[in-house]
>>> print(open('run.txt').read())   # compact mmCIF, C-alpha atoms and all ligand atoms
# COMPACT_ATOMS: atom_id res chain seq x y z
CA MET A 1 3.04 -50.83 24.00
CA THR A 2 6.39 -52.59 23.62
CA ALA A 3 6.25 -55.73 21.52
CA ILE A 4 7.14 -59.09 23.03
CA LEU A 5 10.02 -60.52 21.00
CA ILE A 6 9.78 -64.14 19.83
CA ASP A 7 13.01 -66.03 20.50
CA GLY A 8 13.52 -67.93 17.25
CA ALA A 9 16.91 -69.24 18.34
CA ALA A 10 15.42 -70.88 21.45
CA GLU A 11 12.57 -72.39 19.45
CA ALA A 12 15.00 -73.66 16.82
CA SER A 13 17.12 -75.24 19.53
CA THR A 14 14.04 -77.08 20.83
CA VAL A 15 13.35 -78.39 17.32
CA HIS A 16 16.99 -79.51 16.94
CA LYS A 17 16.69 -81.54 20.16
CA GLN A 18 13.39 -83.09 19.02
CA VAL A 19 14.89 -84.05 15.66
CA ALA A 20 18.04 -85.46 17.32
CA ALA A 21 15.86 -87.59 19.62
CA ALA A 22 13.76 -88.85 16.68
CA VAL A 23 16.88 -89.63 14.62
CA GLY A 24 18.53 -91.36 17.59
CA VAL A 25 16.01 -94.21 17.61
CA LEU A 26 16.19 -94.96 13.88
CA ASP A 27 18.14 -97.99 12.58
CA GLU A 28 19.33 -95.99 9.56
CA PRO A 29 20.09 -92.28 9.99
CA PRO A 30 18.46 -89.93 7.47
CA GLY A 31 20.90 -88.42 4.98
CA LEU A 32 20.87 -84.85 3.69
CA ALA A 33 22.44 -84.15 0.30
CA THR A 34 23.07 -80.44 -0.04
CA VAL A 35 24.09 -79.59 -3.60
CA LEU A 36 26.19 -76.47 -4.06
CA VAL A 37 27.09 -75.25 -7.54
CA GLY A 38 30.06 -72.90 -7.76
CA ASP A 39 31.69 -70.84 -5.01
CA ASP A 40 29.29 -68.01 -4.19
CA PRO A 41 30.47 -67.03 -0.67
CA ALA A 42 26.98 -66.45 0.80
CA SER A 43 25.68 -69.78 -0.56
CA ALA A 44 28.80 -71.52 0.75
CA ILE A 45 28.12 -70.18 4.26
CA TYR A 46 24.44 -71.22 4.14
CA VAL A 47 25.37 -74.73 3.00
CA ARG A 48 28.13 -75.06 5.62
CA ASN A 49 25.64 -74.18 8.38
CA LYS A 50 23.08 -76.68 7.10
CA ARG A 51 25.69 -79.46 6.95
CA LYS A 52 26.97 -78.64 10.43
CA ARG A 53 23.46 -78.81 11.94
CA CYS A 54 22.69 -81.97 10.03
CA ILE A 55 25.71 -83.70 11.60
CA GLU A 56 24.88 -82.32 15.05
CA VAL A 57 21.46 -84.01 15.05
CA GLY A 58 22.94 -87.34 13.95
CA MET A 59 22.13 -87.30 10.24
CA ARG A 60 24.45 -88.24 7.39
CA ASP A 61 26.03 -85.35 5.54
CA LEU A 62 26.01 -86.40 1.88
CA HIS A 63 27.02 -83.05 0.41
CA ARG A 64 27.94 -82.59 -3.27
CA HIS A 65 29.91 -79.63 -4.58
CA LEU A 66 29.69 -79.07 -8.34
CA PRO A 67 31.95 -76.75 -10.36
CA VAL A 68 30.56 -73.38 -11.42
CA ASP A 69 30.66 -74.41 -15.10
CA VAL A 70 28.78 -77.69 -14.60
CA SER A 71 26.39 -78.31 -17.49
CA GLN A 72 22.62 -78.68 -17.14
CA ILE A 73 22.92 -82.35 -18.11
CA GLN A 74 25.71 -83.05 -15.60
CA ALA A 75 23.83 -81.31 -12.79
CA ALA A 76 20.66 -83.24 -13.67
CA GLU A 77 22.63 -86.50 -13.59
CA VAL A 78 23.90 -85.74 -10.08
CA LEU A 79 20.35 -85.02 -8.88
CA ASP A 80 19.11 -88.24 -10.51
CA GLU A 81 21.89 -90.17 -8.77
CA LEU A 82 20.93 -88.68 -5.41
CA ALA A 83 17.25 -89.40 -6.10
CA ALA A 84 18.12 -93.07 -6.61
CA ASP A 85 20.46 -93.34 -3.58
CA SER A 86 18.64 -94.96 -0.66
CA ARG A 87 21.01 -93.34 1.88
CA VAL A 88 19.81 -89.91 0.73
CA THR A 89 16.50 -89.02 2.36
CA GLY A 90 16.62 -85.30 1.56
CA ILE A 91 18.03 -83.30 -1.36
CA LEU A 92 18.57 -79.56 -1.18
CA LEU A 93 19.73 -77.69 -4.26
CA GLN A 94 21.22 -74.44 -2.96
CA LEU A 95 19.90 -71.38 -4.84
CA PRO A 96 20.68 -69.18 -6.67
CA LEU A 97 22.35 -71.19 -9.41
CA PRO A 98 24.74 -69.77 -12.00
CA PRO A 99 22.70 -68.10 -14.78
CA HIS A 100 23.45 -70.74 -17.43
CA LEU A 101 21.49 -73.34 -15.45
CA ASP A 102 17.70 -73.76 -15.53
CA ALA A 103 16.93 -73.89 -11.80
CA ALA A 104 13.26 -74.84 -12.17
CA ALA A 105 14.09 -77.82 -14.40
CA LEU A 106 16.75 -79.03 -11.93
CA ILE A 107 14.52 -78.59 -8.88
CA ASP A 108 11.87 -80.71 -10.55
CA ARG A 109 14.26 -83.66 -10.79
CA ILE A 110 14.05 -83.97 -7.01
CA PRO A 111 11.41 -86.56 -6.09
CA ALA A 112 8.64 -85.13 -3.88
CA HIS A 113 9.50 -87.50 -1.01
CA LYS A 114 13.09 -86.13 -0.92
CA ASP A 115 12.18 -82.49 -1.55
CA VAL A 116 13.20 -81.13 1.86
CA ASP A 117 13.09 -77.53 0.57
CA GLY A 118 9.47 -78.05 -0.55
CA LEU A 119 10.05 -76.17 -3.80
CA THR A 120 9.21 -78.72 -6.52
CA GLU A 121 6.00 -78.48 -8.54
CA ALA A 122 4.79 -81.63 -6.81
CA SER A 123 5.35 -80.21 -3.31
CA ALA A 124 3.76 -76.86 -4.24
CA GLY A 125 0.77 -78.73 -5.66
CA ARG A 126 0.40 -80.83 -2.53
CA LEU A 127 0.52 -77.70 -0.39
CA THR A 128 -2.08 -75.92 -2.52
CA LEU A 129 -4.36 -78.95 -2.47
CA GLY A 130 -3.92 -79.37 1.28
CA ARG A 131 -2.38 -82.84 0.91
CA PRO A 132 0.43 -84.17 3.11
CA GLY A 133 3.90 -83.32 1.85
CA LEU A 134 7.15 -81.55 2.64
CA ARG A 135 6.61 -77.81 3.14
CA PRO A 136 9.09 -75.00 2.33
CA CYS A 137 11.34 -74.40 5.33
CA THR A 138 10.97 -70.66 5.99
CA PRO A 139 7.14 -70.70 5.80
CA ALA A 140 7.07 -73.84 7.97
CA GLY A 141 9.32 -72.04 10.46
CA ILE A 142 6.98 -69.05 10.52
CA LEU A 143 4.00 -71.27 11.33
CA ALA A 144 6.03 -73.07 14.01
CA LEU A 145 6.94 -69.73 15.62
CA LEU A 146 3.30 -68.57 15.55
CA ASP A 147 2.27 -71.86 17.18
CA SER A 148 5.05 -71.63 19.76
CA ILE A 149 3.44 -68.51 21.21
CA GLY A 150 -0.10 -69.87 20.89
CA THR A 151 -1.22 -67.41 18.18
CA SER A 152 -4.91 -67.75 17.50
CA LEU A 153 -5.02 -68.16 13.72
CA ALA A 154 -8.56 -69.31 12.90
CA GLY A 155 -10.49 -66.30 11.64
CA ALA A 156 -7.51 -63.94 12.03
CA HIS A 157 -6.71 -61.59 9.16
CA ALA A 158 -3.21 -62.43 7.93
CA VAL A 159 -1.50 -60.05 5.52
CA VAL A 160 1.56 -61.38 3.68
CA VAL A 161 3.82 -58.82 2.00
CA GLY A 162 5.62 -60.66 -0.83
CA ARG A 163 4.52 -63.33 -3.29
CA SER A 164 7.70 -65.29 -4.01
CA ASN A 165 7.54 -69.05 -4.51
CA LEU A 166 10.03 -69.39 -1.66
CA VAL A 167 8.20 -67.45 1.07
CA GLY A 168 5.15 -65.33 0.22
CA LYS A 169 2.99 -67.78 -1.72
CA PRO A 170 3.61 -70.86 0.46
CA VAL A 171 3.19 -69.00 3.76
CA ALA A 172 -0.09 -67.54 2.45
CA GLN A 173 -1.27 -71.08 1.61
CA MET A 174 -0.26 -72.36 5.03
CA LEU A 175 -2.07 -69.53 6.81
CA LEU A 176 -5.14 -70.19 4.67
CA GLN A 177 -5.04 -73.83 5.70
CA ARG A 178 -5.04 -72.67 9.30
CA ASP A 179 -8.28 -70.78 8.61
CA CYS A 180 -6.86 -67.27 8.43
CA THR A 181 -8.41 -64.76 6.06
CA VAL A 182 -5.36 -64.08 3.90
CA THR A 183 -4.40 -61.02 1.87
CA VAL A 184 -1.26 -61.22 -0.28
CA CYS A 185 0.48 -57.93 -1.11
CA HIS A 186 3.29 -57.31 -3.59
CA SER A 187 5.23 -54.59 -5.33
CA ARG A 188 2.13 -53.41 -7.27
CA THR A 189 -0.21 -53.30 -4.27
CA ARG A 190 -1.83 -49.89 -3.77
CA ASN A 191 -2.00 -48.29 -0.32
CA LEU A 192 0.24 -50.94 1.22
CA ALA A 193 0.25 -49.33 4.67
CA ASP A 194 -3.57 -49.28 4.79
CA VAL A 195 -3.80 -52.96 3.81
CA CYS A 196 -1.12 -53.99 6.32
CA ARG A 197 -2.84 -52.05 9.10
CA GLU A 198 -5.81 -54.45 8.76
CA ALA A 199 -3.63 -57.39 9.78
CA ASP A 200 -3.88 -59.34 13.00
CA VAL A 201 -0.85 -61.27 11.73
CA LEU A 202 1.52 -59.41 9.40
CA VAL A 203 4.24 -61.36 7.55
CA ALA A 204 6.85 -59.07 5.97
CA ALA A 205 8.73 -60.86 3.17
CA ALA A 206 9.36 -58.14 0.59
CA GLY A 207 13.13 -58.04 0.81
CA VAL A 208 13.10 -54.25 1.35
CA PRO A 209 14.96 -53.05 4.45
CA GLY A 210 12.71 -51.24 6.93
CA LEU A 211 9.71 -51.19 4.55
CA ILE A 212 7.18 -51.85 7.31
CA GLY A 213 6.90 -48.74 9.45
CA ALA A 214 4.87 -48.14 12.60
CA ASP A 215 2.04 -46.74 10.46
CA PHE A 216 1.71 -50.17 8.73
CA VAL A 217 0.86 -51.97 11.96
CA LYS A 218 -2.33 -52.25 13.97
CA SER A 219 -1.80 -51.83 17.69
CA GLY A 220 -1.14 -55.23 19.27
CA ALA A 221 -0.68 -57.09 15.96
CA THR A 222 1.69 -60.04 15.57
CA VAL A 223 4.48 -59.12 13.14
CA ILE A 224 6.78 -61.69 11.52
CA ASP A 225 9.87 -60.18 9.92
CA VAL A 226 11.27 -62.50 7.25
CA GLY A 227 13.66 -60.03 5.63
CA ILE A 228 17.41 -60.31 6.14
CA HIS A 229 19.69 -57.48 5.04
CA ARG A 230 23.33 -56.88 5.78
CA THR A 231 24.06 -53.23 6.58
CA ALA A 232 27.02 -51.33 7.96
CA ASN A 233 25.30 -51.58 11.37
CA GLY A 234 24.72 -55.34 11.17
CA LEU A 235 21.66 -57.34 10.12
CA CYS A 236 18.22 -55.80 9.76
CA GLY A 237 14.86 -56.96 8.46
CA ASP A 238 11.93 -55.61 6.45
CA VAL A 239 10.41 -54.18 9.63
CA ASN A 240 11.43 -50.76 10.91
CA GLY A 241 12.55 -50.47 14.55
CA ALA A 242 9.62 -48.13 15.30
CA VAL A 243 7.24 -51.09 14.98
CA ARG A 244 8.34 -52.33 18.41
CA ALA A 245 6.27 -49.57 19.98
CA VAL A 246 3.07 -50.65 18.17
CA ALA A 247 3.12 -54.44 17.64
CA GLY A 248 2.04 -56.88 20.33
CA VAL A 249 4.49 -59.57 19.25
CA LEU A 250 7.46 -59.30 16.89
CA THR A 251 10.22 -61.53 15.54
CA PRO A 252 13.65 -59.87 15.82
CA VAL A 253 16.31 -59.84 13.09
CA PRO A 254 18.61 -61.59 13.71
CA GLY A 255 17.27 -64.36 15.98
CA GLY A 256 13.69 -64.65 14.73
CA VAL A 257 12.70 -66.46 11.55
CA GLY A 258 16.28 -67.14 10.39
CA PRO A 259 17.19 -69.92 12.86
CA MET A 260 13.85 -71.63 12.20
CA THR A 261 14.62 -72.14 8.52
CA ILE A 262 17.44 -74.61 9.22
CA ALA A 263 15.43 -76.20 12.04
CA MET A 264 12.60 -76.93 9.60
CA LEU A 265 15.08 -78.30 7.06
CA LEU A 266 16.26 -80.80 9.68
CA ARG A 267 12.69 -81.69 10.58
CA ASN A 268 11.81 -82.15 6.91
CA THR A 269 14.85 -84.39 6.40
CA ALA A 270 13.87 -86.53 9.38
CA ASP A 271 10.24 -86.67 8.19
CA ALA A 272 11.35 -87.43 4.64
CA GLY A 273 13.12 -90.52 6.00
CA THR A 274 9.75 -91.86 7.10
CA LEU A 275 8.32 -91.27 3.58
CA ARG A 276 10.84 -93.69 2.01
P1 LIG A 301 11.86 -62.10 -3.51
O1 LIG A 301 12.67 -60.93 -3.94
O2 LIG A 301 11.85 -63.34 -4.33
O3 LIG A 301 10.34 -61.64 -3.37
C1 LIG A 301 10.00 -60.40 -2.79
C2 LIG A 301 8.51 -60.18 -2.93
O4 LIG A 301 8.19 -58.95 -2.29
C3 LIG A 301 8.03 -60.08 -4.36
O5 LIG A 301 6.86 -60.86 -4.50
C4 LIG A 301 7.69 -58.60 -4.55
O6 LIG A 301 6.52 -58.40 -5.33
C5 LIG A 301 7.44 -58.12 -3.14
N1 LIG A 301 7.88 -56.74 -2.95
C6 LIG A 301 9.07 -56.21 -3.29
N2 LIG A 301 9.10 -54.88 -3.00
C7 LIG A 301 7.90 -54.60 -2.45
C8 LIG A 301 7.33 -53.40 -1.95
N3 LIG A 301 8.00 -52.24 -1.94
N4 LIG A 301 6.07 -53.46 -1.48
C9 LIG A 301 5.39 -54.63 -1.46
N5 LIG A 301 5.89 -55.80 -1.92
C10 LIG A 301 7.13 -55.78 -2.41
O7 LIG A 301 12.30 -62.40 -2.02
P2 LIG A 301 12.12 -63.71 -1.09
O8 LIG A 301 13.02 -64.80 -1.54
O9 LIG A 301 10.67 -64.00 -0.90
O10 LIG A 301 12.72 -63.14 0.29
C11 LIG A 301 12.16 -62.01 0.93
C12 LIG A 301 13.07 -61.59 2.06
O11 LIG A 301 13.14 -62.64 3.00
C13 LIG A 301 14.51 -61.30 1.66
O12 LIG A 301 15.01 -60.25 2.47
C14 LIG A 301 15.23 -62.58 1.98
O13 LIG A 301 16.60 -62.37 2.26
C15 LIG A 301 14.49 -63.01 3.21
N6 LIG A 301 14.52 -64.45 3.45
C16 LIG A 301 14.83 -64.83 4.69
C17 LIG A 301 14.83 -66.18 5.00
C18 LIG A 301 15.16 -66.60 6.40
O14 LIG A 301 15.53 -67.73 6.61
N7 LIG A 301 14.97 -65.73 7.38
C19 LIG A 301 14.54 -67.14 4.03
C20 LIG A 301 14.19 -66.70 2.76
C21 LIG A 301 14.18 -65.34 2.48
>>> encode(input="run.txt", output="structure tokens")
Amino acid sequence: MTAILIDGAAEASTVHKQVAAAVGVLDEPPGLATVLVGDDPASAIYVRNKRKRCIEVGMRDLHRHLPVDVSQIQAAEVLDELAADSRVTGILLQLPLPPHLDAAALIDRIPAHKDVDGLTEASAGRLTLGRPGLRPCTPAGILALLDSIGTSLAGAHAVVVGRSNLVGKPVAQMLLQRDCTVTVCHSRTRNLADVCREADVLVAAAGVPGLIGADFVKSGATVIDVGIHRTANGLCGDVNGAVRAVAGVLTPVPGGVGPMTIAMLLRNTADAGTLR
């Protein structure tokens, strides 16, 4: 078997067009406030891409760049200002923050209806309780990719490798809400390969290059590779190349989950505008 590759870039482009069309009929364009603290080069690239896409789909770019030595109080004041600004429909605090800042406390200053990253306590609570709200972008992108290929989720066994607040936990919740039987694995899980081999849908979000080998995958399973790692040979994911011979469907790295994360950010920002 050779896995069918899911084209995340094509799916993301479809979402961008849908968001642009939705934004085009609004009287007031939604506004995305990305907040970057300091000059970490990787974070700067991520934020630049988000701002570029935001402008492309007709939204306002209301970016704020704060100095690396900004105090907790000053950063909180900026977030409060953005929370009160009616032109700002979505606020995204780019992580990681410099170590002197309390990221959790700052994230929680973002009102739930502007939390386009879906990372506040309020958004996590809404997700867990199954109530409407803004969902974290990468997990939302994973579900959108699974839906784009008509994956049958009800009753499927989904195994999620990773339990971060950013990816593992929220994607497990979202799969549970779609009636999967969900197993969450982590760095202390015993017999990881055996557990993964039970999966109809396997989500690899451990942040370990090539962790998921062919012996972790049931023949014909759907495998979502969330990992992104820069190597001398380019980008790779958490899933080993040998998995292509075993999986039924697979997301490539690059070009799988990655492009969907920004697409879901744009969709969240457009949706957040309607929550005003
Ligand atoms: P994280 O480091 O916060 O969490 C990793 C999780 O994996 C932890 O819960 C840990 O227990 C688990 N884990 C680590 N080693 C393991 C092992 N050997 N076996 C089983 N579980 C193990 O990472 P994260 O923020 O959730 O991101 C995970 C990966 O996804 C990273 O490579 C990150 O770069 C990537 N990522 C990609 C996107 C995207 O847009 N494509 C978005 C977010 C994160």
>>> residues_around(input="run.txt", residues="A:Arg51", least_positions_apart="6", cutoff="10 Å", atoms="only C-alpha atoms", output="list in words")
Leu32, Ala33, Thr34, Ile45, Met59, Arg60, Asp61, Leu62, His63, Ile262 and Leu266 of chain A
>>> residues_around(input="run.txt", residues="A:Glu11", least_positions_apart="3", cutoff="10 Å", atoms="only C-alpha atoms", output="list in words")
Ile6, Asp7, Gly8, Thr14, Val15, His16, Gly141, Ala144, Leu145, Ser148, Gly255, Gly256, Val257, Pro259, Met260 and Ala263 of chain A
>>> residues_near_ligand(input="run.txt", ligand="ligand LIG 301 (chain A)", cutoff="7 Å", atoms="only C-alpha atoms and all ligand atoms", output="PyMOL selection string")
chain A and resi 138+161-168+185-189+192+205-208+211+226-229+237-238+257-259+261
>>> residues_around(input="run.txt", residues="A:Pro30", least_positions_apart="2", cutoff="12 Å", atoms="all atoms listed in the file", output="ChimeraX atom specification")
/A:19-20,22-28,32-33,54-55,57-62,85-91,114,116,266-276
>>> closest_residue(input="run.txt", among="A:Val171, A:Ala156, A:Val249, A:Ala76", to="A:Val37", atoms="only C-alpha atoms")
A:Ala76
>>> residues_near_point(input="run.txt", point="(22.2, -70.3, -4.3)", cutoff="9 Å", atoms="only C-alpha atoms", output="mmCIF file with C-alpha atoms, keeping the file's coordinate frame")
data_model
loop_
_atom_site.group_PDB
_atom_site.id
_atom_site.type_symbol
_atom_site.label_atom_id
_atom_site.label_comp_id
_atom_site.auth_asym_id
_atom_site.auth_seq_id
_atom_site.Cartn_x
_atom_site.Cartn_y
_atom_site.Cartn_z
ATOM 1 C CA LEU A 36 26.190 -76.470 -4.060
ATOM 2 C CA VAL A 37 27.090 -75.250 -7.540
ATOM 3 C CA GLY A 38 30.060 -72.900 -7.760
ATOM 4 C CA ASP A 40 29.290 -68.010 -4.190
ATOM 5 C CA ALA A 42 26.980 -66.450 0.800
ATOM 6 C CA SER A 43 25.680 -69.780 -0.560
ATOM 7 C CA ALA A 44 28.800 -71.520 0.750
ATOM 8 C CA TYR A 46 24.440 -71.220 4.140
ATOM 9 C CA LEU A 93 19.730 -77.690 -4.260
ATOM 10 C CA GLN A 94 21.220 -74.440 -2.960
ATOM 11 C CA LEU A 95 19.900 -71.380 -4.840
ATOM 12 C CA PRO A 96 20.680 -69.180 -6.670
ATOM 13 C CA LEU A 97 22.350 -71.190 -9.410
ATOM 14 C CA PRO A 98 24.740 -69.770 -12.000
#
>>> atom_distance(input="run.txt", atom1="atom CA of A:Leu250", atom2="atom CA of A:Leu119")
26.8 Å
>>> residues_around(input="run.txt", residues="A:Arg178", least_positions_apart="4", cutoff="7 Å", atoms="all atoms listed in the file", output="list in words")
Leu153, Ala154 and Met174 of chain A
>>> axis_aligned_box(input="run.txt", around="stretch 224-240 of chain A", padding_each_side="8 Å", output="JSON")
{"center_x": 16.9, "center_y": -56.6, "center_z": 8.3, "size_x": 36.2, "size_y": 27.7, "size_z": 22.5}
>>> closest_residue(input="run.txt", among="A:Ala12, A:Ala245, A:Val47, A:Val160", to="A:Glu198", atoms="all atoms listed in the file")
A:Val160
>>> closest_residue(input="run.txt", among="A:Arg53, A:His157, A:Arg135, A:Arg64", to="A:Val184", atoms="all atoms listed in the file")
A:His157
>>> decode(input="run.txt", residues="stretch 188-211 of chain A", atoms="N, CA, C and O atoms", output="CSV table (one decimal), in the first residue's frame")
chain,number,residue,atom,x,y,z
A,188,ARG,N,5.3,9.3,28.9
A,188,ARG,CA,5.3,8.2,29.8
A,188,ARG,C,4.5,7.0,29.4
A,188,ARG,O,4.3,6.0,30.2
A,189,THR,N,3.9,7.0,28.2
A,189,THR,CA,3.1,5.9,27.8
A,189,THR,C,3.9,4.7,27.5
A,189,THR,O,5.0,4.8,26.9
A,190,ARG,N,3.5,3.5,28.0
A,190,ARG,CA,4.2,2.3,27.8
A,190,ARG,C,3.8,1.7,26.5
A,190,ARG,O,2.6,1.8,26.1
A,191,ASN,N,4.7,1.0,25.8
A,191,ASN,CA,4.3,0.2,24.6
A,191,ASN,C,3.7,1.1,23.6
A,191,ASN,O,2.6,0.8,23.0
A,192,LEU,N,4.3,2.3,23.3
A,192,LEU,CA,3.7,3.3,22.4
A,192,LEU,C,3.3,2.7,21.1
A,192,LEU,O,2.2,2.9,20.5
A,193,ALA,N,4.2,1.9,20.5
A,193,ALA,CA,3.9,1.4,19.1
A,193,ALA,C,2.7,0.5,19.2
A,193,ALA,O,1.8,0.6,18.3
A,194,ASP,N,2.5,-0.3,20.2
A,194,ASP,CA,1.3,-1.2,20.3
A,194,ASP,C,0.0,-0.4,20.4
A,194,ASP,O,-1.0,-0.7,19.8
A,195,VAL,N,0.1,0.7,21.2
A,195,VAL,CA,-1.1,1.5,21.3
A,195,VAL,C,-1.4,2.2,20.0
A,195,VAL,O,-2.6,2.2,19.5
A,196,CYS,N,-0.4,2.8,19.4
A,196,CYS,CA,-0.6,3.5,18.1
A,196,CYS,C,-1.2,2.5,17.0
A,196,CYS,O,-2.0,3.0,16.2
A,197,ARG,N,-0.7,1.3,17.1
A,197,ARG,CA,-1.2,0.3,16.0
A,197,ARG,C,-2.6,0.0,16.1
A,197,ARG,O,-3.2,-0.6,15.2
A,198,GLU,N,-3.3,0.4,17.2
A,198,GLU,CA,-4.8,0.2,17.4
A,198,GLU,C,-5.5,1.3,16.6
A,198,GLU,O,-6.8,1.2,16.5
A,199,ALA,N,-4.8,2.3,16.2
A,199,ALA,CA,-5.5,3.5,15.7
A,199,ALA,C,-6.1,3.4,14.3
A,199,ALA,O,-5.4,2.9,13.4
A,200,ASP,N,-7.4,3.8,14.1
A,200,ASP,CA,-7.9,4.1,12.8
A,200,ASP,C,-7.4,5.4,12.3
A,200,ASP,O,-7.1,5.6,11.1
A,201,VAL,N,-7.3,6.4,13.3
A,201,VAL,CA,-6.8,7.7,13.0
A,201,VAL,C,-5.7,8.0,14.0
A,201,VAL,O,-5.9,8.0,15.2
A,202,LEU,N,-4.5,8.2,13.5
A,202,LEU,CA,-3.4,8.4,14.4
A,202,LEU,C,-2.9,9.9,14.2
A,202,LEU,O,-2.5,10.3,13.1
A,203,VAL,N,-2.9,10.7,15.3
A,203,VAL,CA,-2.4,12.0,15.2
A,203,VAL,C,-1.0,12.1,16.0
A,203,VAL,O,-1.0,11.8,17.2
A,204,ALA,N,0.0,12.4,15.3
A,204,ALA,CA,1.4,12.4,15.8
A,204,ALA,C,1.7,13.9,16.2
A,204,ALA,O,2.0,14.7,15.2
A,205,ALA,N,1.8,14.2,17.4
A,205,ALA,CA,2.1,15.6,17.9
A,205,ALA,C,3.0,15.5,19.1
A,205,ALA,O,2.7,16.1,20.1
A,206,ALA,N,4.1,14.8,19.0
A,206,ALA,CA,5.0,14.6,20.1
A,206,ALA,C,6.2,15.6,20.0
A,206,ALA,O,6.9,15.8,21.0
A,207,GLY,N,6.5,16.1,18.8
A,207,GLY,CA,7.6,16.9,18.6
A,207,GLY,C,8.9,16.2,18.6
A,207,GLY,O,10.0,16.7,19.0
A,208,VAL,N,8.9,14.9,18.2
A,208,VAL,CA,10.1,14.1,18.1
A,208,VAL,C,10.2,13.6,16.6
A,208,VAL,O,9.4,12.8,16.1
A,209,PRO,N,11.3,14.0,15.9
A,209,PRO,CA,11.4,13.7,14.5
A,209,PRO,C,11.4,12.2,14.3
A,209,PRO,O,12.1,11.5,14.9
A,210,GLY,N,10.5,11.8,13.3
A,210,GLY,CA,10.5,10.4,12.9
A,210,GLY,C,10.1,9.4,14.0
A,210,GLY,O,10.3,8.2,13.8
A,211,LEU,N,9.5,9.8,15.0
A,211,LEU,CA,9.1,8.9,16.1
A,211,LEU,C,8.2,7.8,15.7
A,211,LEU,O,8.3,6.6,16.1
